[in-house]
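Here the structure comes first, spelled out in C-alpha cells, and everything after it is commentary.
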Number of protein chains: 2
Amino acid sequence: MRAVVFDGAELRFDPDRPEPVPGAGEVVVRVLQAGICETDLQLVAGYKGFRGVLGHEFVGVPLTGHLAGRRVVGEINCACGRCDTCRANLPGHCPDRTVLGIVNHDGAFADLVAVPERNLHAVPDSVSTDAAVFTEPLAAAFQIAAQVPLEGGMRIIVLGDGRLGHLCAQVLARRVARLTVVGKHPAKLAVLDALGVETCLLADRPQSRSADVVVECTGSASGLPLALALVRPRGTVVLKTTIAGEQTLSLAPVVVDEMTIVGSRCGPFDQALEALAAGQVHVQPLISERFDLSEGVTAMARAAEPDVLKVLLQVDAASP
Amino acid sequence: MRAVVFDGAELRFDPDRPEPVPGAGEVVVRVLQAGICETDLQLVAGYKGFRGVLGHEFVGVPLTGHLAGRRVVGEINCACGRCDTCRANLPGHCPDRTVLGIVNHDGAFADLVAVPERNLHAVPDSVSTDAAVFTEPLAAAFQIAAQVPLEGGMRIIVLGDGRLGHLCAQVLARRVARLTVVGKHPAKLAVLDALGVETCLLADRPQSRSADVVVECTGSASGLPLALALVRPRGTVVLKTTIAGEQTLSLAPVVVDEMTIVGSRCGPFDQALEALAAGQVHVQPLISERFDLSEGVTAMARAAEPDVLKVLLQVDAASP
C-alpha cells in the first residue's frame with residue numbers, strides 16, 4: 001500500500017509499504033482522507049522519537065467489524081483495557097497505550113490503517129468527509145470545557161491563530177460572552193473575523209492581565225510565558241502545545257498569582273461529531289489546500305508554512 | 001529601633017533604624033516574636049529585588065487601634081482596597097499591593113512594624129506566642145484545600161521536608177487517608193514520623209506515578225520536575241516554591257498527561273488560628289532554635305542550614 005513514513009531521519013512517500021496487520025480488537029480501515037496536524041510536524045522535528053506511518057486525523061471505512069462499510073473516525077489512543085488506569089475509565093492515559101501515528105502505532109497517512117474497533121465512531125450522513133476529518137482536533141477543543149469550569153461572563157483569550165486555535169475559538173466563543181483570538185497572521189485572523197470571532201494581532205494584545213482563561217495553542221515555546229502574562233491572578237492557562245525538548249521560564253509568578261495551568265489533550269469525539277452535524281462549527285474555511293497521498297511530503301512542508309491552516313491528504317481519490 | 005535589614009547587597013543588623021511611619025489605615029505593632037521563612041532566604045538571594053526590613057511571620061501587640069494591647073498576627077498583603085481586584089474580593093492579588101517584608105514594605109524583623117489594621121487577627125489566649133508565629137505559613141498550608149478539591153480516598157505526596165512541607169503535611173494528613181512526605185533529611189523526617197505522618201527518603205520515593213496530588217514545597221528548582229514524575233495522569237501538582245530567576249523543564253508531559261499545576265500562596269488566617277487553638281497542628285517540634293533580634297544575621301544563616309526547621313527571632317526578650 002501507499003504511505004507517508006518517517007524513519008527517524010527522513011520523511012518520505014513509500015509506494016509499497018506492507019499492509020497493516022490488525023492486533024487483537026483492531027480492524028483495518030480503508031482511509032478516505034486525513035488531516036495534517038501540528039503534532040505531525042513536531043514528530044518529524046523529533047518529538048517522541050516516532051518512526052513509522054504518520055497521521056492521526058482521518059476518515060475511513062472499516063473493512064470488517066460492526067461498522068464495516070460505513071464512514072468512521074477513530075480515537076487515537078489504543079489502550080490495554082486491563083490496567084488500573086483503564087479500569088479507572090481513563091484509557092486515554094493508559095501507560096501501556098500506543099497512539100495512532102504518534103506512539104508505536106502506524107497512523108493514517110496510508111491506504112490502510114489498523115484501529116481498535118472500540119475507538120471507532122460512525123460519521124453521521126449529514127457530516128461531509130471534509131468536515132469529519134476535523135473530528136479529532138475538534139474533540140480536543142471540546143476537552144477544554146470538560147476540564148475547566150466555564151461561566152458565561154468569563155473573558156477568554158485564545159493564543160495562536162493556527163488550526164487548533166481556530167477550533168478552540170469556535171467552540172469556546174459559544175460558551176462565554178468575551179473571547180479574543182490573539183495571533184500573528186492577519187490572513188488567518190481574517191478567517192475568524194469572517195465568522196464573527198473577535199481577533200487581535202499579537203502586537204496589539206491587551207497589556208493588562210485581564211483574561212480569566214487563556215488557551216495556549218501557539219505550538220511554540222514562547223506561548224506559555226505569553227499566556228502567563230495575559231491571565232489574571234487566580235486565572236487559568238490551558239496548555240495545548242506539545243513541543244519536543246525543554247523550555248525555560250520563570251515559575252514564581254504562577255505561585256505568587258496563584259495561577260492554574262491545565263494540560264489538555266484529546267477530547268470527546270461524540271461532542272465533536274454532534275457539533276459538526278448541528279453546523280455549530282465551521283471547518284470549510286480552515287481548509288487551505290489538499291494534496292494526494294502521494295504528495296504527502298510536499299503537503300507536510302506546506303502545512304508548516306505560516307499562513308496555512310489545514311492541509312488535507314486525499315487518500316481515496318474518489319472521496320469526497 | 002532595632003531591625004534586620006537587607007540593602008540589596010548585604011544583610012545586617014541595624015541598632016538604630018528609624019521607626020516606621022504608619023500609612024493610611026495602618027497601625028504600628030510592637031513585635032514580640034518573628035519566624036524565618038524560606039522566602040526570607042530567597043529575598044537575600046535576590047528574589048523580587050527587595051530592600052528594607054525583612055520579616056513577614058510575626059506576633060505582636062498593636063500600639064493603637066481596636067486591637068491595641070492584644071496579641072495579634074497579621075496578613076502580609078497590604079492592598080489598595082479600591083481597584084477591580086480588591087473589589088473582586090482578592091486583596092491578596094491587588095496589583096498595587098505592598099507585602100510586609102517582601103515587596104516595598106518594611107517587615108517584622110524589628111522592634112516595630114506598620115501593618116494595615118484590617119490585616120490583623122487577634123490571637124486566642126489559648127494559643128502561645130510560639131505557636132501563633134506559625135499562623136502565616138500554616139494559613140498557606142490551609143490554602144491548598146481551599147484551591148484543590150480533596151477527597152478522603154486520595155493519595156497525596158508532600159515533596160520537601162522543610163518548614164512549609166511539615167505544616168502542609170500536618171494539615172493535609174487530616175483530610176486524606178494516604179499522605180507521604182518525601183524528603184532528603186532523615187532528622188527532619190523523624191519529626192514527622194514522631195507525629196504519625198508517613199515519610200520516605202527521596203532515594204526511596206515511589207517509582208510509579210501514583211499520587212493524586214503532589215504538593216511541591218522543596219524550595220528548589222528541581223522540585224517541579226520531580227513532582228511531575230510522581231503525579232498520576234490527570235493529577236494535580238500544587239506549586240508552593242517561589243524561586244528567583246528562570247528554570248528549565250519539559251512541559252509536554254503536562255499536556256500529554258493532562259496534569260494540573262496550581263500555584264498556591266497565602267491562605268486563611270482564621271482557619272490556621274482555629275487549628276492552633278484546637279491543637280490540631282503541632283508546631284513546637286518544628287522550632288529548631290531561637291535567637292535574639294540582634295543576632296538576626298546569624299539566625300538567617302542558621303535557617304539556611306539543611307537540618308534546620310523553624311528559627312525564631314525573639315524580639316521582645318520578655319515574651320513568651
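Please note that chains go A, B, ... in the order of the C-alpha cells, that every chain numbers its residues from 1, and that ligands are numbered from 1 in the order shown.
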Exercise. Extract, using only C-alpha atoms, all DNA, RNA and protein residues at most 10 Å from Ser222 of chain B, discarding same-chain residues fewer than 3 positions from it, and format them as a PyMOL selection string.
Key: chain B and resi 216+218-219+225-227+247-249
Output N, CA, C and O atoms for every residue in the selection just made, as a PDB file, in the first residue's frame.
```pdb
ATOM      1  N   GLU B 216       4.322  20.575  46.136  1.00  0.00           N
ATOM      2  CA  GLU B 216       5.743  20.831  45.910  1.00  0.00           C
ATOM      3  C   GLU B 216       6.176  21.957  46.843  1.00  0.00           C
ATOM      4  O   GLU B 216       5.822  23.111  46.651  1.00  0.00           O
ATOM      5  N   THR B 218       9.631  22.139  47.970  1.00  0.00           N
ATOM      6  CA  THR B 218      11.053  21.862  48.131  1.00  0.00           C
ATOM      7  C   THR B 218      11.883  23.132  48.254  1.00  0.00           C
ATOM      8  O   THR B 218      12.999  23.088  48.757  1.00  0.00           O
ATOM      9  N   GLY B 219      11.382  24.239  47.732  1.00  0.00           N
ATOM     10  CA  GLY B 219      12.202  25.444  47.694  1.00  0.00           C
ATOM     11  C   GLY B 219      13.309  25.368  46.671  1.00  0.00           C
ATOM     12  O   GLY B 219      14.225  26.193  46.665  1.00  0.00           O
ATOM     13  N   PRO B 225       9.946  19.388  38.355  1.00  0.00           N
ATOM     14  CA  PRO B 225      10.135  18.193  37.522  1.00  0.00           C
ATOM     15  C   PRO B 225       9.930  16.896  38.318  1.00  0.00           C
ATOM     16  O   PRO B 225       9.336  15.937  37.811  1.00  0.00           O
ATOM     17  N   LEU B 226      10.391  16.890  39.568  1.00  0.00           N
ATOM     18  CA  LEU B 226      10.200  15.703  40.397  1.00  0.00           C
ATOM     19  C   LEU B 226       8.717  15.494  40.701  1.00  0.00           C
ATOM     20  O   LEU B 226       8.205  14.356  40.649  1.00  0.00           O
ATOM     21  N   ALA B 227       8.012  16.551  41.002  1.00  0.00           N
ATOM     22  CA  ALA B 227       6.575  16.444  41.276  1.00  0.00           C
ATOM     23  C   ALA B 227       5.836  15.881  40.065  1.00  0.00           C
ATOM     24  O   ALA B 227       4.957  15.022  40.200  1.00  0.00           O
ATOM     25  N   GLN B 247      13.647  28.693  35.305  1.00  0.00           N
ATOM     26  CA  GLN B 247      14.043  27.300  35.381  1.00  0.00           C
ATOM     27  C   GLN B 247      13.673  26.612  34.080  1.00  0.00           C
ATOM     28  O   GLN B 247      12.834  27.084  33.314  1.00  0.00           O
ATOM     29  N   THR B 248      14.326  25.480  33.857  1.00  0.00           N
ATOM     30  CA  THR B 248      14.178  24.773  32.591  1.00  0.00           C
ATOM     31  C   THR B 248      13.505  23.435  32.847  1.00  0.00           C
ATOM     32  O   THR B 248      13.913  22.696  33.736  1.00  0.00           O
ATOM     33  N   LEU B 249      12.456  23.163  32.109  1.00  0.00           N
ATOM     34  CA  LEU B 249      11.815  21.859  32.245  1.00  0.00           C
ATOM     35  C   LEU B 249      11.055  21.512  30.980  1.00  0.00           C
ATOM     36  O   LEU B 249      10.830  22.360  30.118  1.00  0.00           O
TER      37      LEU B 249
END
```
Could you give me, as a Markdown table, every chain A residue with an atom at most 10 Å from chain B, plus its closest atom pair and distance in Å to one decimal, counting only C-alpha atoms, rows ordered by chain then number?
```
| residue | atom | partner | partner_atom | distance |
| --- | --- | --- | --- | --- |
| A:Tyr47 | CA | B:Ala252 | CA | 9.4 |
| A:Lys48 | CA | B:Ala252 | CA | 9.9 |
| A:Thr85 | CA | B:Pro233 | CA | 8.6 |
| A:Leu90 | CA | B:Pro233 | CA | 8.8 |
| A:Gly92 | CA | B:Asp257 | CA | 8.9 |
| A:His93 | CA | B:Pro233 | CA | 6.3 |
| A:Cys94 | CA | B:Pro233 | CA | 8.9 |
| A:Pro95 | CA | B:Pro233 | CA | 9.1 |
| A:Gln147 | CA | B:Glu258 | CA | 9.2 |
| A:Arg209 | CA | B:Pro95 | CA | 9.9 |
| A:Ala221 | CA | B:Leu251 | CA | 9.4 |
| A:Leu224 | CA | B:Leu251 | CA | 9.6 |
| A:Arg232 | CA | B:Thr85 | CA | 9.2 |
| A:Pro233 | CA | B:His93 | CA | 6.3 |
| A:Arg234 | CA | B:His93 | CA | 8.4 |
| A:Thr236 | CA | B:Val262 | CA | 9.0 |
| A:Val237 | CA | B:Ile261 | CA | 9.7 |
| A:Val238 | CA | B:Val255 | CA | 9.0 |
| A:Leu239 | CA | B:Val255 | CA | 6.3 |
| A:Lys240 | CA | B:Val255 | CA | 6.2 |
| A:Thr241 | CA | B:Val255 | CA | 7.2 |
| A:Thr242 | CA | B:Ala252 | CA | 4.7 |
| A:Ile243 | CA | B:Ala252 | CA | 5.9 |
| A:Ala244 | CA | B:Ala252 | CA | 7.2 |
| A:Gly245 | CA | B:Ser250 | CA | 6.0 |
| A:Glu246 | CA | B:Ser250 | CA | 4.1 |
| A:Gln247 | CA | B:Thr248 | CA | 5.4 |
| A:Thr248 | CA | B:Thr248 | CA | 4.2 |
| A:Leu249 | CA | B:Glu246 | CA | 5.0 |
| A:Ser250 | CA | B:Glu246 | CA | 4.1 |
| A:Leu251 | CA | B:Glu246 | CA | 7.0 |
| A:Ala252 | CA | B:Thr242 | CA | 4.7 |
| A:Pro253 | CA | B:Thr242 | CA | 8.1 |
| A:Val254 | CA | B:Gly263 | CA | 5.1 |
| A:Val255 | CA | B:Gly263 | CA | 3.9 |
| A:Val256 | CA | B:Arg265 | CA | 6.0 |
| A:Asp257 | CA | B:His93 | CA | 6.6 |
| A:Glu258 | CA | B:Gly263 | CA | 4.2 |
| A:Met259 | CA | B:Gly263 | CA | 5.2 |
| A:Thr260 | CA | B:Val262 | CA | 4.4 |
| A:Ile261 | CA | B:Ile261 | CA | 5.0 |
| A:Val262 | CA | B:Thr260 | CA | 4.4 |
| A:Gly263 | CA | B:Val255 | CA | 3.9 |
| A:Ser264 | CA | B:Glu258 | CA | 5.0 |
| A:Arg265 | CA | B:Val255 | CA | 6.0 |
| A:Cys266 | CA | B:Val256 | CA | 8.6 |
```
Quiz item: So which bits of segment 62-129 of chain A end up strand (DSSP E) when you DSSP the backbone, as a ChimeraX atom specification?
Solution: /A:62,72-74,77-78,98-99,112-116,120-122
Give me every alpha helix (DSSP H) residue in segment 108-246 of chain A, going by DSSP on the backbone, as a short mmCIF file (atom, residue, chain, number, x, y, z; two decimals) with all heavy atoms, in the first residue's frame.
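Output contents, as saved in selection_2.cif:
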```cif
data_model
loop_
_atom_site.label_atom_id
_atom_site.label_comp_id
_atom_site.auth_asym_id
_atom_site.auth_seq_id
_atom_site.Cartn_x
_atom_site.Cartn_y
_atom_site.Cartn_z
N THR A 129 -17.21 14.31 4.53
CA THR A 129 -15.89 13.76 4.86
C THR A 129 -14.91 14.88 5.15
O THR A 129 -14.10 14.80 6.09
CB THR A 129 -15.40 12.86 3.71
OG1 THR A 129 -16.32 11.77 3.58
CG2 THR A 129 -14.02 12.31 3.98
N ASP A 130 -14.99 15.95 4.38
CA ASP A 130 -14.16 17.14 4.66
C ASP A 130 -14.33 17.62 6.09
O ASP A 130 -13.35 18.01 6.74
CB ASP A 130 -14.57 18.30 3.73
CG ASP A 130 -13.73 18.37 2.47
OD1 ASP A 130 -12.94 17.42 2.23
OD2 ASP A 130 -13.88 19.34 1.73
N ALA A 131 -15.55 17.66 6.56
CA ALA A 131 -15.80 18.14 7.93
C ALA A 131 -15.38 17.10 8.96
O ALA A 131 -14.76 17.42 9.98
CB ALA A 131 -17.28 18.50 8.12
N ALA A 132 -15.68 15.83 8.68
CA ALA A 132 -15.42 14.77 9.66
C ALA A 132 -13.93 14.62 9.96
O ALA A 132 -13.55 14.20 11.06
CB ALA A 132 -16.00 13.44 9.18
N THR A 135 -12.77 15.96 13.21
CA THR A 135 -13.34 15.47 14.47
C THR A 135 -12.30 15.38 15.58
O THR A 135 -12.55 15.81 16.71
CB THR A 135 -13.98 14.08 14.26
OG1 THR A 135 -14.95 14.17 13.21
CG2 THR A 135 -14.66 13.60 15.53
N GLU A 136 -11.13 14.82 15.27
CA GLU A 136 -10.13 14.62 16.33
C GLU A 136 -9.66 15.94 16.92
O GLU A 136 -9.73 16.14 18.14
CB GLU A 136 -8.96 13.76 15.79
CG GLU A 136 -8.08 13.15 16.87
CD GLU A 136 -7.02 14.08 17.42
OE1 GLU A 136 -6.63 15.03 16.71
OE2 GLU A 136 -6.57 13.87 18.56
N PRO A 137 -9.21 16.91 16.12
CA PRO A 137 -8.81 18.20 16.74
C PRO A 137 -10.00 18.95 17.35
O PRO A 137 -9.82 19.66 18.35
CB PRO A 137 -8.17 18.97 15.58
CG PRO A 137 -8.68 18.33 14.33
CD PRO A 137 -8.90 16.88 14.67
N LEU A 138 -11.17 18.80 16.77
CA LEU A 138 -12.34 19.48 17.34
C LEU A 138 -12.67 18.88 18.72
O LEU A 138 -13.02 19.61 19.65
CB LEU A 138 -13.54 19.36 16.39
CG LEU A 138 -14.80 20.10 16.80
CD1 LEU A 138 -14.54 21.60 16.99
CD2 LEU A 138 -15.90 19.88 15.75
N ALA A 139 -12.52 17.58 18.85
CA ALA A 139 -12.72 16.94 20.16
C ALA A 139 -11.73 17.50 21.17
O ALA A 139 -12.08 17.73 22.34
CB ALA A 139 -12.58 15.42 20.04
N ALA A 140 -10.51 17.76 20.72
CA ALA A 140 -9.50 18.34 21.62
C ALA A 140 -9.93 19.73 22.08
O ALA A 140 -9.62 20.14 23.21
CB ALA A 140 -8.15 18.39 20.91
N ALA A 141 -10.63 20.45 21.23
CA ALA A 141 -11.15 21.76 21.62
C ALA A 141 -12.26 21.59 22.66
O ALA A 141 -12.33 22.34 23.65
CB ALA A 141 -11.65 22.52 20.41
N PHE A 142 -13.13 20.61 22.46
CA PHE A 142 -14.21 20.37 23.44
C PHE A 142 -13.66 19.92 24.79
O PHE A 142 -14.29 20.10 25.82
CB PHE A 142 -15.21 19.33 22.90
CG PHE A 142 -16.28 19.94 22.05
CD1 PHE A 142 -16.20 19.88 20.66
CD2 PHE A 142 -17.36 20.58 22.62
CE1 PHE A 142 -17.18 20.46 19.87
CE2 PHE A 142 -18.35 21.16 21.84
CZ PHE A 142 -18.26 21.10 20.46
N GLN A 143 -12.47 19.33 24.79
CA GLN A 143 -11.89 18.86 26.05
C GLN A 143 -11.68 20.01 27.03
O GLN A 143 -11.74 19.81 28.25
CB GLN A 143 -10.56 18.14 25.76
CG GLN A 143 -9.81 17.63 26.97
CD GLN A 143 -10.51 16.44 27.62
OE1 GLN A 143 -11.62 16.05 27.25
NE2 GLN A 143 -9.87 15.87 28.63
N ILE A 144 -11.45 21.20 26.53
CA ILE A 144 -11.20 22.35 27.42
C ILE A 144 -12.39 22.55 28.36
O ILE A 144 -12.22 22.69 29.58
CB ILE A 144 -10.93 23.62 26.60
CG1 ILE A 144 -9.65 23.43 25.79
CG2 ILE A 144 -10.83 24.85 27.49
CD1 ILE A 144 -9.45 24.49 24.72
N ALA A 145 -13.59 22.56 27.78
CA ALA A 145 -14.78 22.77 28.61
C ALA A 145 -15.01 21.60 29.56
O ALA A 145 -15.63 21.76 30.61
CB ALA A 145 -16.00 22.99 27.74
N ALA A 146 -14.49 20.42 29.20
CA ALA A 146 -14.63 19.27 30.10
C ALA A 146 -13.69 19.38 31.29
O ALA A 146 -13.91 18.78 32.33
CB ALA A 146 -14.35 17.97 29.33
N GLN A 147 -12.63 20.19 31.16
CA GLN A 147 -11.63 20.29 32.23
C GLN A 147 -11.75 21.56 33.06
O GLN A 147 -11.42 21.57 34.24
CB GLN A 147 -10.22 20.25 31.62
CG GLN A 147 -9.86 18.91 31.01
CD GLN A 147 -8.46 18.96 30.40
OE1 GLN A 147 -8.25 19.51 29.33
NE2 GLN A 147 -7.50 18.40 31.10
N ARG A 163 -4.41 26.04 13.35
CA ARG A 163 -5.51 25.09 13.18
C ARG A 163 -6.27 24.87 14.47
O ARG A 163 -7.49 25.01 14.54
CB ARG A 163 -4.93 23.74 12.71
CG ARG A 163 -4.25 23.82 11.37
CD ARG A 163 -3.41 22.57 11.09
NE ARG A 163 -2.03 22.72 11.52
CZ ARG A 163 -1.04 23.22 10.77
NH1 ARG A 163 -1.27 23.59 9.53
NH2 ARG A 163 0.18 23.32 11.23
N LEU A 164 -5.55 24.53 15.54
CA LEU A 164 -6.21 24.21 16.80
C LEU A 164 -6.82 25.46 17.44
O LEU A 164 -7.91 25.41 18.01
CB LEU A 164 -5.23 23.52 17.76
CG LEU A 164 -5.82 23.01 19.06
CD1 LEU A 164 -6.99 22.04 18.80
CD2 LEU A 164 -4.76 22.31 19.90
N GLY A 165 -6.11 26.58 17.32
CA GLY A 165 -6.64 27.83 17.86
C GLY A 165 -7.99 28.17 17.25
O GLY A 165 -8.91 28.61 17.95
N HIS A 166 -8.10 27.96 15.94
CA HIS A 166 -9.38 28.24 15.27
C HIS A 166 -10.51 27.40 15.83
O HIS A 166 -11.62 27.90 16.08
CB HIS A 166 -9.24 27.95 13.76
CG HIS A 166 -8.74 29.12 12.99
ND1 HIS A 166 -9.51 29.83 12.12
CD2 HIS A 166 -7.52 29.71 12.98
CE1 HIS A 166 -8.79 30.82 11.60
NE2 HIS A 166 -7.58 30.76 12.10
N LEU A 167 -10.24 26.12 16.03
CA LEU A 167 -11.30 25.22 16.52
C LEU A 167 -11.65 25.55 17.97
O LEU A 167 -12.82 25.60 18.34
CB LEU A 167 -10.86 23.77 16.37
CG LEU A 167 -10.65 23.31 14.91
CD1 LEU A 167 -10.07 21.90 14.89
CD2 LEU A 167 -11.95 23.36 14.12
N CYS A 168 -10.63 25.80 18.80
CA CYS A 168 -10.89 26.16 20.20
C CYS A 168 -11.73 27.43 20.26
O CYS A 168 -12.67 27.53 21.05
CB CYS A 168 -9.57 26.35 20.95
SG CYS A 168 -8.64 24.83 21.22
N ALA A 169 -11.38 28.39 19.42
CA ALA A 169 -12.11 29.67 19.44
C ALA A 169 -13.56 29.47 19.06
O ALA A 169 -14.46 30.01 19.72
CB ALA A 169 -11.44 30.65 18.48
N GLN A 170 -13.81 28.69 18.03
CA GLN A 170 -15.20 28.49 17.61
C GLN A 170 -16.01 27.77 18.69
O GLN A 170 -17.17 28.10 18.93
CB GLN A 170 -15.26 27.70 16.30
CG GLN A 170 -14.84 28.51 15.08
CD GLN A 170 -15.31 27.84 13.80
OE1 GLN A 170 -16.45 27.41 13.66
NE2 GLN A 170 -14.40 27.74 12.84
N VAL A 171 -15.40 26.80 19.34
CA VAL A 171 -16.12 26.06 20.37
C VAL A 171 -16.37 26.95 21.59
O VAL A 171 -17.49 27.01 22.12
CB VAL A 171 -15.33 24.80 20.79
CG1 VAL A 171 -15.90 24.16 22.06
CG2 VAL A 171 -15.31 23.79 19.65
N LEU A 172 -15.35 27.67 22.02
CA LEU A 172 -15.46 28.43 23.28
C LEU A 172 -16.25 29.72 23.10
O LEU A 172 -16.85 30.20 24.07
CB LEU A 172 -14.06 28.71 23.83
CG LEU A 172 -13.28 27.46 24.24
CD1 LEU A 172 -11.84 27.82 24.61
CD2 LEU A 172 -13.95 26.73 25.41
N ALA A 173 -16.25 30.28 21.90
CA ALA A 173 -17.00 31.53 21.67
C ALA A 173 -18.49 31.31 21.90
O ALA A 173 -19.23 32.25 22.17
CB ALA A 173 -16.74 32.06 20.27
N PRO A 186 -2.33 37.93 9.92
CA PRO A 186 -3.56 38.62 9.52
C PRO A 186 -4.49 37.76 8.66
O PRO A 186 -5.71 37.80 8.84
CB PRO A 186 -3.03 39.83 8.73
CG PRO A 186 -1.67 40.08 9.29
CD PRO A 186 -1.12 38.73 9.64
N ALA A 187 -3.91 36.97 7.77
CA ALA A 187 -4.77 36.17 6.89
C ALA A 187 -5.55 35.11 7.67
O ALA A 187 -6.72 34.84 7.38
CB ALA A 187 -3.92 35.51 5.80
N LYS A 188 -4.90 34.54 8.67
CA LYS A 188 -5.59 33.52 9.48
C LYS A 188 -6.63 34.18 10.37
O LYS A 188 -7.72 33.64 10.58
CB LYS A 188 -4.58 32.76 10.34
CG LYS A 188 -3.64 31.85 9.56
CD LYS A 188 -2.70 31.15 10.53
CE LYS A 188 -1.77 30.18 9.82
NZ LYS A 188 -0.80 29.58 10.75
N LEU A 189 -6.29 35.33 10.93
CA LEU A 189 -7.24 36.03 11.79
C LEU A 189 -8.46 36.47 10.98
O LEU A 189 -9.59 36.48 11.50
CB LEU A 189 -6.57 37.23 12.47
CG LEU A 189 -5.46 36.88 13.46
CD1 LEU A 189 -4.78 38.15 13.98
CD2 LEU A 189 -5.99 36.06 14.64
N ALA A 190 -8.24 36.80 9.70
CA ALA A 190 -9.35 37.26 8.85
C ALA A 190 -10.40 36.16 8.71
O ALA A 190 -11.60 36.44 8.59
CB ALA A 190 -8.82 37.69 7.49
N VAL A 191 -9.96 34.90 8.71
CA VAL A 191 -10.91 33.78 8.62
C VAL A 191 -11.83 33.79 9.84
O VAL A 191 -13.05 33.57 9.73
CB VAL A 191 -10.15 32.44 8.51
CG1 VAL A 191 -11.11 31.26 8.56
CG2 VAL A 191 -9.31 32.40 7.23
N LEU A 192 -11.26 34.07 11.00
CA LEU A 192 -12.06 34.13 12.22
C LEU A 192 -12.95 35.37 12.22
O LEU A 192 -14.12 35.31 12.62
CB LEU A 192 -11.15 34.13 13.44
CG LEU A 192 -10.50 32.77 13.74
CD1 LEU A 192 -9.28 32.95 14.62
CD2 LEU A 192 -11.51 31.83 14.40
N ASP A 193 -12.40 36.49 11.79
CA ASP A 193 -13.21 37.71 11.70
C ASP A 193 -14.49 37.44 10.89
O ASP A 193 -15.58 37.86 11.29
CB ASP A 193 -12.42 38.84 11.01
CG ASP A 193 -11.26 39.36 11.86
OD1 ASP A 193 -11.32 39.21 13.09
OD2 ASP A 193 -10.31 39.89 11.28
N ALA A 194 -14.31 36.73 9.78
CA ALA A 194 -15.46 36.46 8.90
C ALA A 194 -16.51 35.60 9.58
O ALA A 194 -17.68 35.61 9.22
CB ALA A 194 -14.98 35.79 7.61
N GLY A 223 4.81 30.42 23.91
CA GLY A 223 3.38 30.54 24.19
C GLY A 223 3.04 30.61 25.67
O GLY A 223 2.25 31.45 26.10
N LEU A 224 3.62 29.74 26.49
CA LEU A 224 3.26 29.72 27.90
C LEU A 224 3.66 31.01 28.63
O LEU A 224 2.83 31.58 29.35
CB LEU A 224 3.83 28.47 28.59
CG LEU A 224 3.53 28.35 30.08
CD1 LEU A 224 2.02 28.40 30.36
CD2 LEU A 224 4.12 27.07 30.65
N PRO A 225 4.91 31.49 28.46
CA PRO A 225 5.22 32.77 29.13
C PRO A 225 4.27 33.90 28.72
O PRO A 225 3.85 34.70 29.55
CB PRO A 225 6.66 33.06 28.66
CG PRO A 225 7.23 31.72 28.32
CD PRO A 225 6.08 30.90 27.81
N LEU A 226 3.89 33.91 27.45
CA LEU A 226 2.96 34.93 26.99
C LEU A 226 1.58 34.73 27.63
O LEU A 226 0.93 35.70 28.06
CB LEU A 226 2.87 34.84 25.46
CG LEU A 226 2.15 35.94 24.72
CD1 LEU A 226 2.74 37.31 25.07
CD2 LEU A 226 2.27 35.70 23.22
N ALA A 227 1.15 33.50 27.70
CA ALA A 227 -0.14 33.21 28.32
C ALA A 227 -0.15 33.66 29.79
O ALA A 227 -1.13 34.24 30.27
CB ALA A 227 -0.45 31.72 28.23
N LEU A 228 0.95 33.41 30.48
CA LEU A 228 1.04 33.79 31.90
C LEU A 228 1.00 35.31 32.06
O LEU A 228 0.60 35.82 33.11
CB LEU A 228 2.32 33.23 32.53
CG LEU A 228 2.39 31.70 32.63
CD1 LEU A 228 3.76 31.27 33.15
CD2 LEU A 228 1.29 31.13 33.51
#
```
Quiz item: Can you list, as a ChimeraX atom specification, every protein, DNA or RNA residue that comes within 12 Å of segment 26-31 of chain B when you count only C-alpha atoms, leaving out same-chain residues fewer than 6 positions away?
Solution: /B:1-3,19-20,55-74,78-80,100,105-120,129,133,293,313-320
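Of note, atom CA of Pro124 of chain B and atom CA of Gly279 of chain B are spaced 12.2 Å apart.
Taking atom CA of Val127 of chain A as the reference point, atom CA of Ala277 of chain A is found at 5.5 Å.
Nearest residue to His282 of chain A among A:Ile36, A:Val53, A:Val197, A:Val311 is A:Val197, counting only C-alpha atoms.
Reported to one decimal place, the separation of atom CA of Val99 of chain A from atom CA of Gly23 of chain A is 13.4 Å.
When the distance limit is 8 Å and only C-alpha atoms are what count, the residues near segment 176-181 of chain A, minus those fewer than 4 positions from it on the same chain, are Leu150, Glu151, Gly152, Gly153, Met154, Arg155, Ile156, Ile157, Val158, Leu159, Gly160, Asp161, Gly165, Ala169, Leu172, Leu189, Val197, Glu198, Thr199 and Cys200 of chain A.
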